[in-house]
Number of protein chains: 2
Amino acid sequence: MMAEKPVRKRRKSGDEIRTTIVNAATRIVMEQGAARMTLADVAKAAGISKGGLLHYFASKDALIRAMITAGLDSFEEKTTAMIASDPTPGSYLRAYITTSFPAERADDIAAAMIAGIATDPDLLADYAVESTKWSDRLRDDGLDYLHAEVIRLAVDGLYFNEAIGLPPLSLPDRAEFLKRLIAMTRVSAEVQR
Amino acid sequence: MMAEKPVRKRRKSGDEIRTTIVNAATRIVMEQGAARMTLADVAKAAGISKGGLLHYFASKDALIRAMITAGLDSFEEKTTAMIASDPTPGSYLRAYITTSFPAERADDIAAAMIAGIATDPDLLADYAVESTKWSDRLRDDGLDYLHAEVIRLAVDGLYFNEAIGLPPLSLPDRAEFLKRLIAMTRVSAEVQR
DNA sequence: TGTTATGGACCGGCTGGACGGTTTGGAATA
DNA sequence: TATTCCAAACCGTCCAGCCGGTCCATAACA
């Protein structure tokens with residue numbers, strides 16, 4: 001049963017397969033819905049058997065948790081990279097916006113959240129932790145806090161709507177909308193009240 | 001066999017039971033998550049048997065659809081009532097805000113959406129139809145359209161976040177935030193650009 | 001009024017199938 | 001050989017939907 005494992009082994013293919021599985025699960029949720037995300041289907045989509053899948057993720061919950069942390073880590077990484085090249089006030093908010101809506105859609109976070117909601121809302125605990133971090137950073141972003149929250153939550157609103165398959169804006173409107181949000185991150189606070 | 005029935009009979013209890021069932025289902029989703037919304041549990045919560053439930057709703061999908069339409073109808077009703085007593089520009093947007101966040105929380109729409117996502121995203125079709133109506137009304141609300149969409153989607157963002165159990169704002173901040181949104185519905189458009 | 005007929009409302013046990021997770025066995029690798 | 005990795009069969013559970021049956025309200029008739 002070996003309580004401690006050597007850790008230094010054939011890590012390479014292991015992590016690769018893990019991300020392959022996570023990507024397959026994400027794709028299934030986005031294309032077919034959370035109800036269709038069964039272990040058997042995910043395994044098939046990942047080119048693996050169910051037994052193999054469970055070798056890498058001990059349970060379905062573990063897989064969903066991995067989906068969530070993968071999405072959040074990727075988001076975190078992109079935003080911090082973007083902030084580094086933009087030291088002006090509102091930089092975090094702008095990174096939040098552009099990372100939420102990249103050129104080519106990649107709703108990994110949305111799929112993970114949907115999967116979590118469908119099976120057990122407790123799985124979203126990691127997301128809750130991250131959410132408070134975002135709020136804290138917004139307070140330090142050099143803008144009026146409430147103004148920043150309006151923008152941030154507008155981003156969330158568009159993101160959630162699209163995640164559940166309900167585009168609330170026409171394509172040209174959407175582009176204008178995002179430009180408007182970016183512009184709002186440059187409006188000084190006192191314009192507001 | 002009398003093809004025509006008098007119609008004036010015992011209609012009363014039928015619809016009442018239906019709403020009782022819908023309310024029970026909504027409560028279960030909010031309190032225990034969509035995965036726990038089984039027909040047996042809903043029936044028990046409604047004080048009815050599973051067979052009785054299936055007598056009123058032919059399938060689980062039908063029940064979820066009823067939840068969605070009930071939530072949307074209630075929302076529609078409240079906003080239109082509110083608009084009637086507020087003829088100034090931005091009246092629809094203000095109604096949208098205050099109806100989304102009433103004094104006492106009643107996340108019937110959120111529960112219905114979560115149940116829909118968990119079982120089959122196609123069930124949200126009604127919601128999509130309503131969504132376009134909201135956009136159309138925003139265009140006629142007497143405000144700059146993009147400005148109005150920022151506010152509307154900020155409402156959605158807060159609503160969705162809270163619906164999945166992630167309050168992104170502290171309680172005092174939340175109150176300030178809603179006041180800010182209301183105030184923004186009174187900002188004339190040209191302030192923006 | 002008493003009796004029987006009819007049909008809708010409702011119950012709850014049952015089942016077929018799906019799904020998460022386990023086990024077993026074997027192939028690849030070291 | 002030992003260990004890691006993975007496939008496939010299998011198991012136990014759970015749930016949606018079905019179905020036979022009961023109850024009750026009204027109606028038709030006498």
# chains A, B, ... in the order shown; residues from 1 in each chain; ligands from 1

call {"tool": "closest_atom_pairs", "arguments": {"of": "chain A", "to": "chain D", "cutoff": "8 Å", "atoms": "only C-alpha atoms (C1' of nucleotides)", "output": "Markdown table"}}
result
| residue | atom | partner | partner_atom | distance |
| --- | --- | --- | --- | --- |
| A:Ser49 | CA | D:DA7 | C1' | 6.2 |
| A:Gly51 | CA | D:DC6 | C1' | 6.6 |
| A:Gly52 | CA | D:DC6 | C1' | 4.9 |
| A:His55 | CA | D:DC6 | C1' | 7.9 |

call {"tool": "write_last_selection", "arguments": {"atoms": "C-alpha atoms", "output": "PDB file, in the first residue's frame"}}
result
ATOM      1  CA  SER A  49     -10.597   2.935 -20.808  1.00  0.00           C
ATOM      2  CA  GLY A  51     -10.291   1.672 -15.629  1.00  0.00           C
ATOM      3  CA  GLY A  52      -7.418   3.736 -16.944  1.00  0.00           C
ATOM      4  CA  HIS A  55      -6.250   5.014 -12.327  1.00  0.00           C
TER       5      HIS A  55
END

call {"tool": "interface_residues", "arguments": {"of": "chain C", "to": "chain A", "cutoff": "10 Å", "atoms": "only C-alpha atoms (C1' of nucleotides)", "output": "PyMOL selection string"}}
result
chain C and resi 18-22

call {"tool": "atom_distance", "arguments": {"atom1": "atom CA of A:Arg105", "atom2": "atom CA of B:Ala35"}}
result
28.1 Å

call {"tool": "interface_residues", "arguments": {"of": "chain A", "to": "chain B", "cutoff": "8 Å", "atoms": "only C-alpha atoms", "output": "VMD selection string"}}
result
chain A and resid 33 to 35 114 to 115 117 to 121 128 131 to 132 135 146 149 to 158 160 164 to 166 168 to 169 173 176 to 177 180 to 181

call {"tool": "calpha_fit_rmsd", "arguments": {"fixed": "chain A", "moving": "chain B"}}
result
1.5 Å

call {"tool": "atom_distance", "arguments": {"atom1": "atom CA of A:Val42", "atom2": "atom CA of A:Ala25"}}
result
5.4 Å
